[in-house]
Structures are given as structure tokens and as C-alpha cells.
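Undergrad: You'll find upload_7.txt just under this line, and it carries compact mmCIF, C-alpha atoms and all ligand atoms.
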# COMPACT_ATOMS: atom_id res chain seq x y z
CA MET A 1 14.70 -2.21 1.12
CA ILE A 2 13.01 -4.49 -1.40
CA LYS A 3 14.85 -6.58 -3.94
CA ALA A 4 12.98 -8.93 -6.23
CA LYS A 5 14.88 -11.23 -8.56
CA ALA A 6 13.59 -13.07 -11.61
CA LEU A 7 9.96 -13.13 -10.50
CA THR A 8 7.77 -15.27 -12.67
CA HIS A 9 4.18 -15.92 -11.78
CA ARG A 10 1.60 -18.22 -13.33
CA PHE A 11 -2.07 -18.65 -12.58
CA GLY A 12 -2.58 -22.15 -13.89
CA ASN A 13 -0.97 -22.13 -17.32
CA ASP A 14 -1.31 -18.41 -17.68
CA GLU A 15 2.05 -16.68 -17.12
CA VAL A 16 1.31 -13.14 -15.96
CA LEU A 17 4.79 -12.06 -14.74
CA HIS A 18 7.84 -12.88 -16.84
CA CYS A 19 11.17 -12.84 -15.01
CA VAL A 20 10.72 -9.45 -13.34
CA ASP A 21 13.64 -7.80 -11.53
CA PHE A 22 12.69 -4.92 -9.32
CA SER A 23 14.15 -3.03 -6.40
CA VAL A 24 13.19 -0.17 -4.13
CA ALA A 25 15.54 1.82 -1.91
CA GLU A 26 14.81 2.77 1.68
CA GLY A 27 12.59 5.86 1.85
CA GLU A 28 11.87 5.77 -1.87
CA PHE A 29 8.35 6.49 -3.17
CA VAL A 30 7.75 4.33 -6.21
CA ALA A 31 4.76 4.26 -8.56
CA ILE A 32 3.92 1.38 -10.89
CA VAL A 33 1.69 2.29 -13.81
CA GLY A 34 0.33 0.07 -16.57
CA GLU A 35 -2.79 -1.10 -18.29
CA SER A 36 -5.46 -3.16 -16.65
CA GLY A 37 -4.33 -6.78 -16.53
CA SER A 38 -0.63 -5.94 -16.97
CA GLY A 39 0.31 -7.48 -13.61
CA LYS A 40 0.52 -4.59 -11.12
CA THR A 41 -1.59 -6.17 -8.39
CA THR A 42 0.13 -9.52 -8.85
CA LEU A 43 3.55 -7.89 -8.46
CA LEU A 44 2.44 -5.87 -5.44
CA SER A 45 0.97 -8.99 -3.81
CA ILE A 46 4.24 -10.85 -4.26
CA LEU A 47 6.42 -7.97 -3.02
CA SER A 48 4.22 -7.56 0.04
CA THR A 49 4.43 -11.29 0.96
CA LEU A 50 0.72 -11.92 0.34
CA LEU A 51 1.39 -14.14 -2.68
CA THR A 52 4.22 -16.62 -3.25
CA PRO A 53 5.75 -16.33 -6.72
CA THR A 54 5.95 -19.38 -8.97
CA GLU A 55 9.65 -18.65 -9.49
CA GLY A 56 12.12 -16.07 -8.21
CA SER A 57 12.84 -14.46 -4.88
CA VAL A 58 11.99 -11.38 -2.84
CA LYS A 59 14.18 -9.82 -0.19
CA ILE A 60 12.39 -7.36 2.03
CA ILE A 61 14.15 -5.42 4.80
CA GLY A 62 17.10 -7.76 4.42
CA ASP A 63 15.18 -11.03 4.76
CA ASP A 64 14.40 -13.47 2.01
CA THR A 65 10.61 -13.90 2.27
CA GLN A 66 11.02 -17.67 2.03
CA ASN A 67 13.03 -17.62 5.25
CA ILE A 68 10.69 -15.47 7.32
CA LYS A 69 9.26 -17.83 9.91
CA LYS A 70 6.43 -15.82 11.41
CA ILE A 71 5.09 -14.06 8.37
CA ASP A 72 2.05 -12.61 10.19
CA ASP A 73 4.27 -10.97 12.81
CA PHE A 74 6.62 -9.75 10.10
CA ARG A 75 3.76 -8.12 8.19
CA ARG A 76 2.19 -6.58 11.27
CA LYS A 77 5.49 -5.08 12.35
CA ASN A 78 6.80 -3.89 9.02
CA VAL A 79 4.16 -3.53 6.36
CA GLY A 80 1.09 -1.32 5.86
CA PHE A 81 -1.52 -1.90 3.17
CA ILE A 82 -3.88 0.52 1.42
CA PHE A 83 -6.36 -0.71 -1.17
CA GLN A 84 -8.74 0.94 -3.59
CA PHE A 85 -11.72 -0.26 -1.64
CA HIS A 86 -10.74 0.77 1.79
CA TYR A 87 -12.15 -2.22 3.70
CA LEU A 88 -13.12 -0.19 6.73
CA ILE A 89 -15.54 -1.96 8.99
CA ASN A 90 -18.88 -0.18 8.89
CA TYR A 91 -19.96 -0.91 12.44
CA LEU A 92 -16.72 0.34 14.00
CA THR A 93 -15.94 4.04 14.38
CA VAL A 94 -13.06 5.72 12.57
CA TYR A 95 -10.93 5.45 15.71
CA GLU A 96 -11.85 1.80 16.26
CA ASN A 97 -11.06 0.95 12.66
CA ILE A 98 -7.62 2.52 12.95
CA THR A 99 -6.73 0.90 16.26
CA LEU A 100 -8.26 -2.52 15.61
CA ALA A 101 -5.03 -4.31 14.75
CA ILE A 102 -2.28 -2.13 16.16
CA ASP A 103 0.26 -2.84 18.83
CA LYS A 104 -0.42 -1.22 22.20
CA GLU A 105 2.70 0.90 22.16
CA HIS A 106 1.50 2.71 19.05
CA LYS A 107 -1.86 3.80 20.43
CA THR A 108 -0.52 7.01 21.92
CA GLY A 109 0.38 8.48 18.52
CA ILE A 110 -3.07 8.04 16.99
CA GLU A 111 -4.58 11.41 17.95
CA SER A 112 -1.76 13.39 16.37
CA LEU A 113 -1.86 11.16 13.31
CA LEU A 114 -5.57 11.93 12.88
CA GLU A 115 -4.82 15.61 13.28
CA GLU A 116 -2.10 15.55 10.64
CA LEU A 117 -4.39 13.78 8.20
CA GLY A 118 -7.14 16.31 8.85
CA ILE A 119 -9.64 13.74 10.11
CA LYS A 120 -9.54 14.37 13.84
CA GLU A 121 -13.13 15.56 13.95
CA LEU A 122 -14.23 12.24 12.40
CA HIS A 123 -12.90 10.25 15.35
CA ASP A 124 -16.30 8.91 16.48
CA ARG A 125 -18.08 8.72 13.14
CA TYR A 126 -18.81 5.53 11.27
CA PRO A 127 -17.38 4.92 7.77
CA TYR A 128 -20.81 5.33 6.16
CA GLU A 129 -21.07 8.81 7.72
CA ILE A 130 -17.97 10.22 5.97
CA SER A 131 -16.97 10.93 2.35
CA GLY A 132 -14.93 8.70 0.06
CA GLY A 133 -11.86 10.93 0.32
CA GLN A 134 -12.16 10.98 4.10
CA ARG A 135 -12.48 7.19 4.16
CA GLN A 136 -9.33 6.88 2.13
CA ARG A 137 -7.53 9.15 4.60
CA VAL A 138 -8.74 6.86 7.38
CA ALA A 139 -7.30 3.93 5.41
CA ILE A 140 -3.97 5.81 5.23
CA ALA A 141 -4.12 6.45 8.98
CA ARG A 142 -4.75 2.77 9.56
CA ALA A 143 -1.79 1.81 7.37
CA LEU A 144 0.46 4.33 9.17
CA ALA A 145 -0.76 3.56 12.68
CA ASN A 146 1.58 0.66 13.30
CA ARG A 147 4.57 2.69 12.14
CA PRO A 148 5.40 0.38 9.21
CA LYS A 149 8.69 0.52 7.33
CA ILE A 150 6.97 -0.08 4.01
CA ILE A 151 3.52 0.75 2.65
CA PHE A 152 1.99 -1.02 -0.33
CA ALA A 153 -0.91 0.81 -1.92
CA ASP A 154 -2.96 -0.69 -4.75
CA GLU A 155 -4.96 1.98 -6.57
CA PRO A 156 -5.28 4.02 -3.37
CA THR A 157 -7.12 6.80 -5.20
CA GLY A 158 -8.91 4.61 -7.72
CA ASN A 159 -12.44 5.49 -6.68
CA LEU A 160 -11.89 9.19 -6.00
CA ASP A 161 -12.33 12.23 -8.22
CA SER A 162 -9.17 14.02 -9.36
CA LYS A 163 -9.25 16.67 -6.63
CA ASN A 164 -9.55 14.14 -3.82
CA SER A 165 -7.03 11.83 -5.50
CA GLN A 166 -4.54 14.69 -5.41
CA ILE A 167 -5.24 15.39 -1.75
CA VAL A 168 -4.98 11.74 -0.71
CA PHE A 169 -1.84 11.13 -2.76
CA ASN A 170 -0.13 14.24 -1.39
CA ILE A 171 -0.94 13.28 2.18
CA LEU A 172 0.44 9.80 1.62
CA LYS A 173 3.63 11.22 0.15
CA LYS A 174 4.06 13.83 2.87
CA MET A 175 3.55 11.32 5.68
CA ALA A 176 5.87 8.80 4.05
CA LYS A 177 8.68 11.31 3.58
CA LYS A 178 8.31 12.63 7.10
CA ASN A 179 8.54 9.17 8.65
CA ASN A 180 11.04 7.73 6.15
CA ILE A 181 8.56 5.10 5.00
CA THR A 182 9.19 3.30 1.73
CA VAL A 183 6.09 3.31 -0.50
CA VAL A 184 5.13 1.25 -3.54
CA VAL A 185 1.93 2.42 -5.25
CA ALA A 186 0.16 0.79 -8.17
CA THR A 187 -2.00 3.26 -10.06
CA HIS A 188 -3.72 3.84 -13.39
CA ASP A 189 -3.33 7.53 -12.87
CA LEU A 190 -0.23 8.91 -14.53
CA GLN A 191 -0.85 12.38 -13.11
CA GLN A 192 -0.59 10.90 -9.62
CA ALA A 193 2.35 8.71 -10.52
CA LYS A 194 4.31 11.83 -11.49
CA ASN A 195 4.47 12.71 -7.80
CA ALA A 196 6.59 9.62 -7.15
CA ASP A 197 10.40 9.55 -6.96
CA THR A 198 10.53 6.78 -9.55
CA ILE A 199 7.93 5.50 -12.03
CA TYR A 200 7.91 2.00 -13.50
CA GLU A 201 5.60 0.69 -16.17
CA MET A 202 4.16 -2.80 -16.30
CA ASN A 203 3.46 -4.05 -19.73
CA ASP A 204 1.99 -7.50 -20.21
CA GLY A 205 3.97 -8.97 -17.31
CA HIS A 206 7.21 -7.10 -18.02
CA ILE A 207 8.49 -4.11 -16.08
CA SER A 208 10.53 -1.17 -17.33
CA ASN A 209 11.44 2.36 -16.33
CA TYR A 210 8.80 4.82 -17.34
CA ASN A 211 10.02 7.78 -19.34
N1 LIG B 1 -6.29 -15.12 -8.91
C1 LIG B 1 -6.14 -15.12 -10.23
N2 LIG B 1 -6.39 -16.23 -10.97
C2 LIG B 1 -6.19 -16.24 -12.31
N3 LIG B 1 -5.75 -15.18 -13.02
C3 LIG B 1 -5.51 -14.05 -12.33
C4 LIG B 1 -5.68 -13.95 -10.92
N4 LIG B 1 -5.36 -12.71 -10.53
C5 LIG B 1 -5.00 -12.04 -11.65
N5 LIG B 1 -5.08 -12.85 -12.73
C6 LIG B 1 -4.71 -12.47 -14.11
O1 LIG B 1 -3.38 -12.01 -14.09
C7 LIG B 1 -3.19 -10.90 -14.97
C8 LIG B 1 -2.63 -9.72 -14.17
O2 LIG B 1 -3.61 -9.29 -13.25
P1 LIG B 1 -3.38 -8.12 -12.21
O3 LIG B 1 -4.52 -8.11 -11.29
O4 LIG B 1 -2.03 -8.27 -11.63
O5 LIG B 1 -3.40 -6.86 -13.19
P2 LIG B 1 -3.41 -5.30 -12.83
O6 LIG B 1 -2.32 -4.67 -13.61
O7 LIG B 1 -3.42 -5.12 -11.36
O8 LIG B 1 -4.82 -4.84 -13.45
P3 LIG B 1 -5.81 -3.67 -12.94
O9 LIG B 1 -5.19 -2.39 -13.39
O10 LIG B 1 -7.08 -3.96 -13.68
O11 LIG B 1 -5.96 -3.78 -11.46
C9 LIG B 1 -4.56 -10.66 -15.59
O12 LIG B 1 -4.56 -11.27 -16.85
C10 LIG B 1 -5.52 -11.33 -14.65
O13 LIG B 1 -6.65 -11.79 -15.35
MG MG B 2 -4.81 -4.29 -10.01
Take the structure in the file and give it back as C-alpha cells.
TA:
Amino acid sequence: MIKAKALTHRFGNDEVLHCVDFSVAEGEFVAIVGESGSGKTTLLSILSTLLTPTEGSVKIIGDDTQNIKKIDDFRRKNVGFIFQFHYLINYLTVYENITLAIDKEHKTGIESLLEELGIKELHDRYPYEISGGQRQRVAIARALANRPKIIFADEPTGNLDSKNSQIVFNILKKMAKKNNITVVVATHDLQQAKNADTIYEMNDGHISNYN
């Protein structure tokens, strides 16, 4: 589903990824753990086509990212993003936030998606009228709404307490398994990471299996 080869990335002279090889199978739920500054966000940005690596290549859903002509269309069709700070728009309702950027044909599934995530009653509320855990579930709904093949989540539970982190992580996993979505999560939280199928550890720009 994702195959990265010999990824090296530099910011100026600062090499933050050193020849990283990494792959994820279809339907796999992968967690990447590692200290702050070890390169998790950089790797996730490259895998998700948001950042071009200095060296190396990424194949995603069979296409080499360098050869994808309409990258915006590719992302919209195939990739969902969830970030620590949910980036919901405060003057749009929950429903409007979720449907803002989705294709028409996916609008019909939204109500049942909200129901499954336990946020149906929040439909007409504004982000500032709901809790942090609820906001993060809205962010998951938004990522799922376009029926992506892959979801990238960077610290999706980073600003939640442990109980809500557990809830949000479990929902993400359940929804991903049910819809055969491949997930790559970067997290500081080893407890959460243990729910993944596979755990990798970033260490100063190198990646290895966590055990
Ligand atoms: N845009 C940038 N310009 C310069 N250096 C950067 C940039 N983004 C990240 N870095 C550096 O690259 C290294 C890896 O950063 P990255 O954000 O990938 O780490 P991380 O593992 O996600 O950390 P955290 O757990 O704190 O989110 C760090 O040394 C960071 O300072
Ligand atoms: Mg990060």
C-alpha cells in the first residue's frame, strides 16, 4: 500500500531522516513512536505526499508519488488526515466542517458515520461548543468522510487525557478495520501504540521495529 525506499530528508544542512526504508500493507494499522524531534512528522509528511523528500522514493497505492500528475485530486480521493490540533473551523457547524471538502457522492453516508462515532447529537453545534475528545471524533469523521484508502494521523490524541485518548484511538481503529483503511499514526503514547498491528520506532532519523 505504501513503500518508501531510501528516504533521506534535510532541512538546510540538517539531515533529519537517514536512508529510511518503510512499508505498510493494505489494511494494516501502523504506529510510529519516538522521541520529540526524532523525525515522525517529517516521515509522515513525506509518506502522505505533503513533503517531497531530499532523496528516495515513495510508492503509494501503486503510484510513485513523483509520477502523480494531479496530486490534489489524488490526495482528496485517497488520503485522510488527522492532526493533533484538529483544525476544525470555528464558525462552521460540526456537519459543515465534515462536509466542507467532500465529494457529493459521499454525502449520503455522513449521518450514519456520525452515529457510529457517537457524535450525531452534535450535528449542529459549533466546535467551541463541544469537548476536546468530541472535536477529535469530528476530525476522525472528517478524515473518514471521503472514504479514503489511507489515513495519516499525527498525534491524533496528543491533547487528550488518557481516557479520551483510549476512546478516540479505539474508534479510529474500529472504523479503519471495518472499512479496510490503512492507517499510519505517529504518537508519543506507547500505550496507544500497543493497539496497532505493527509498531516502529524513530530514533534520531532512523527507523526500526519496536520490540
Ligand atoms: N520545517 C522545518 N525546518 C527545519 N527543521 C525542521 C522543520 N521541521 C522539522 N524540523 C526538524 O527536523 C527534526 C525532526 O522533526 P519532526 O517534526 O519530524 O519530529 P517529531 O518526531 O515529529 O517530533 P515531535 O514528537 O515533537 O512532534 C527536528 O530536529 C526538527 O527540529
Ligand atoms: Mg511531530
Undergrad: Please provide the set of residues having any atom within 9 Å of range 171-185 of chain A, restricted to all atoms listed in the file, with same-chain residues fewer than 4 positions apart removed, written as a VMD selection string.
TA: chain A and resid 1 24 to 33 44 116 to 117 137 140 144 147 to 156 166 to 167 193 195 to 196
Undergrad: Excluding range 109-115 of chain A and any residue of its chain fewer than 3 positions from it, enumerate the residues within 9 Å of it, using all atoms listed in the file, and give them as a PyMOL selection string.
TA: chain A and resi 95+98-99+105-106+118-123+137-138+141+144-145
Undergrad: Restricting the output to C-alpha atoms, write the selected residues as a PDB file, in the frame of the given file.
TA:
ATOM      1  CA  TYR A  95     -10.930   5.450  15.710  1.00  0.00           C
ATOM      2  CA  ILE A  98      -7.620   2.520  12.950  1.00  0.00           C
ATOM      3  CA  THR A  99      -6.730   0.900  16.260  1.00  0.00           C
ATOM      4  CA  GLU A 105       2.700   0.900  22.160  1.00  0.00           C
ATOM      5  CA  HIS A 106       1.500   2.710  19.050  1.00  0.00           C
ATOM      6  CA  GLY A 118      -7.140  16.310   8.850  1.00  0.00           C
ATOM      7  CA  ILE A 119      -9.640  13.740  10.110  1.00  0.00           C
ATOM      8  CA  LYS A 120      -9.540  14.370  13.840  1.00  0.00           C
ATOM      9  CA  GLU A 121     -13.130  15.560  13.950  1.00  0.00           C
ATOM     10  CA  LEU A 122     -14.230  12.240  12.400  1.00  0.00           C
ATOM     11  CA  HIS A 123     -12.900  10.250  15.350  1.00  0.00           C
ATOM     12  CA  ARG A 137      -7.530   9.150   4.600  1.00  0.00           C
ATOM     13  CA  VAL A 138      -8.740   6.860   7.380  1.00  0.00           C
ATOM     14  CA  ALA A 141      -4.120   6.450   8.980  1.00  0.00           C
ATOM     15  CA  LEU A 144       0.460   4.330   9.170  1.00  0.00           C
ATOM     16  CA  ALA A 145      -0.760   3.560  12.680  1.00  0.00           C
TER      17      ALA A 145
END
Undergrad: Mind listing the residues within 6 Å of ligand LIG 1 (chain B), all atoms listed in the file counted, as a list in words?
TA: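 Final answer, ordered by chain and number: Phe11, Val16, Glu35, Ser36, Gly37, Ser38, Gly39, Lys40, Thr41 and Thr42 of chain A.
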Undergrad: Which distance in Å separates CA of Asp14 in chain A and CA of Ala186 in chain A, to one decimal?
TA: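 Answer for the CA of Asp14 in chain A to CA of Ala186 in chain A separation: 21.5 Å.
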Undergrad: Quick check, in Å to one decimal: how far apart do CA of Leu43 in chain A and CA of Arg76 in chain A lie?
TA: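 Here the two named atoms are 19.8 Å from each other.
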Undergrad: May I ask you to restore N, CA, C and O atoms in range 48-73 of chain A and write the result as a CSV table (one decimal), in the frame of the given file?
TA:
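part_20.csv, written as the output of this step:
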chain,number,residue,atom,x,y,z
A,48,SER,N,4.7,-7.8,-1.3
A,48,SER,CA,4.2,-7.6,0.0
A,48,SER,C,4.0,-8.8,0.8
A,48,SER,O,3.4,-8.8,1.9
A,49,THR,N,4.5,-10.0,0.3
A,49,THR,CA,4.4,-11.3,1.0
A,49,THR,C,3.0,-11.9,1.0
A,49,THR,O,2.8,-12.9,1.6
A,50,LEU,N,2.1,-11.3,0.3
A,50,LEU,CA,0.7,-11.9,0.3
A,50,LEU,C,0.6,-13.1,-0.6
A,50,LEU,O,-0.3,-13.9,-0.5
A,51,LEU,N,1.5,-13.1,-1.6
A,51,LEU,CA,1.4,-14.1,-2.7
A,51,LEU,C,2.8,-14.7,-2.9
A,51,LEU,O,3.8,-13.9,-2.9
A,52,THR,N,2.9,-16.0,-3.0
A,52,THR,CA,4.2,-16.6,-3.2
A,52,THR,C,4.4,-16.8,-4.8
A,52,THR,O,3.6,-17.3,-5.4
A,53,PRO,N,5.6,-16.3,-5.3
A,53,PRO,CA,5.8,-16.3,-6.7
A,53,PRO,C,6.0,-17.8,-7.2
A,53,PRO,O,6.5,-18.6,-6.4
A,54,THR,N,5.7,-18.1,-8.4
A,54,THR,CA,6.0,-19.4,-9.0
A,54,THR,C,7.5,-19.6,-9.0
A,54,THR,O,8.0,-20.7,-8.7
A,55,GLU,N,8.2,-18.6,-9.5
A,55,GLU,CA,9.6,-18.6,-9.5
A,55,GLU,C,10.2,-17.3,-9.1
A,55,GLU,O,9.5,-16.3,-9.2
A,56,GLY,N,11.5,-17.3,-8.6
A,56,GLY,CA,12.1,-16.1,-8.2
A,56,GLY,C,12.1,-15.8,-6.7
A,56,GLY,O,11.5,-16.6,-6.0
A,57,SER,N,12.7,-14.7,-6.3
A,57,SER,CA,12.8,-14.5,-4.9
A,57,SER,C,12.6,-13.0,-4.6
A,57,SER,O,12.8,-12.1,-5.4
A,58,VAL,N,12.2,-12.7,-3.3
A,58,VAL,CA,12.0,-11.4,-2.8
A,58,VAL,C,12.7,-11.2,-1.5
A,58,VAL,O,12.6,-12.0,-0.6
A,59,LYS,N,13.6,-10.2,-1.5
A,59,LYS,CA,14.2,-9.8,-0.2
A,59,LYS,C,13.5,-8.6,0.3
A,59,LYS,O,13.4,-7.6,-0.5
A,60,ILE,N,13.1,-8.5,1.5
A,60,ILE,CA,12.4,-7.4,2.0
A,60,ILE,C,13.0,-7.1,3.4
A,60,ILE,O,13.1,-8.0,4.2
A,61,ILE,N,13.4,-5.8,3.6
A,61,ILE,CA,14.2,-5.4,4.8
A,61,ILE,C,15.2,-6.4,5.2
A,61,ILE,O,15.4,-6.9,6.3
A,62,GLY,N,16.0,-6.9,4.2
A,62,GLY,CA,17.1,-7.8,4.4
A,62,GLY,C,16.8,-9.2,4.5
A,62,GLY,O,17.7,-10.1,4.5
A,63,ASP,N,15.5,-9.6,4.6
A,63,ASP,CA,15.2,-11.0,4.8
A,63,ASP,C,14.6,-11.6,3.5
A,63,ASP,O,13.7,-10.9,2.8
A,64,ASP,N,15.0,-12.8,3.1
A,64,ASP,CA,14.4,-13.5,2.0
A,64,ASP,C,13.0,-13.9,2.5
A,64,ASP,O,12.9,-14.6,3.5
A,65,THR,N,12.0,-13.6,1.8
A,65,THR,CA,10.6,-13.9,2.3
A,65,THR,C,10.4,-15.4,2.5
A,65,THR,O,9.6,-15.8,3.4
A,66,GLN,N,11.1,-16.2,1.8
A,66,GLN,CA,11.0,-17.7,2.0
A,66,GLN,C,11.5,-18.1,3.4
A,66,GLN,O,11.2,-19.1,3.9
A,67,ASN,N,12.4,-17.3,4.0
A,67,ASN,CA,13.0,-17.6,5.2
A,67,ASN,C,12.4,-17.0,6.4
A,67,ASN,O,12.8,-17.2,7.6
A,68,ILE,N,11.4,-16.1,6.2
A,68,ILE,CA,10.7,-15.5,7.3
A,68,ILE,C,9.8,-16.5,8.0
A,68,ILE,O,8.9,-17.0,7.3
A,69,LYS,N,10.0,-16.7,9.3
A,69,LYS,CA,9.3,-17.8,9.9
A,69,LYS,C,7.9,-17.4,10.3
A,69,LYS,O,6.9,-18.1,10.0
A,70,LYS,N,7.8,-16.3,11.0
A,70,LYS,CA,6.4,-15.8,11.4
A,70,LYS,C,6.0,-14.7,10.5
A,70,LYS,O,6.1,-13.5,10.8
A,71,ILE,N,5.4,-15.1,9.4
A,71,ILE,CA,5.1,-14.1,8.4
A,71,ILE,C,4.0,-13.1,8.9
A,71,ILE,O,4.1,-11.9,8.5
A,72,ASP,N,3.1,-13.5,9.7
A,72,ASP,CA,2.0,-12.6,10.2
A,72,ASP,C,2.7,-11.5,11.1
A,72,ASP,O,2.4,-10.3,10.9
A,73,ASP,N,3.6,-11.9,11.9
A,73,ASP,CA,4.3,-11.0,12.8
A,73,ASP,C,5.1,-10.0,12.0
A,73,ASP,O,5.1,-8.8,12.2
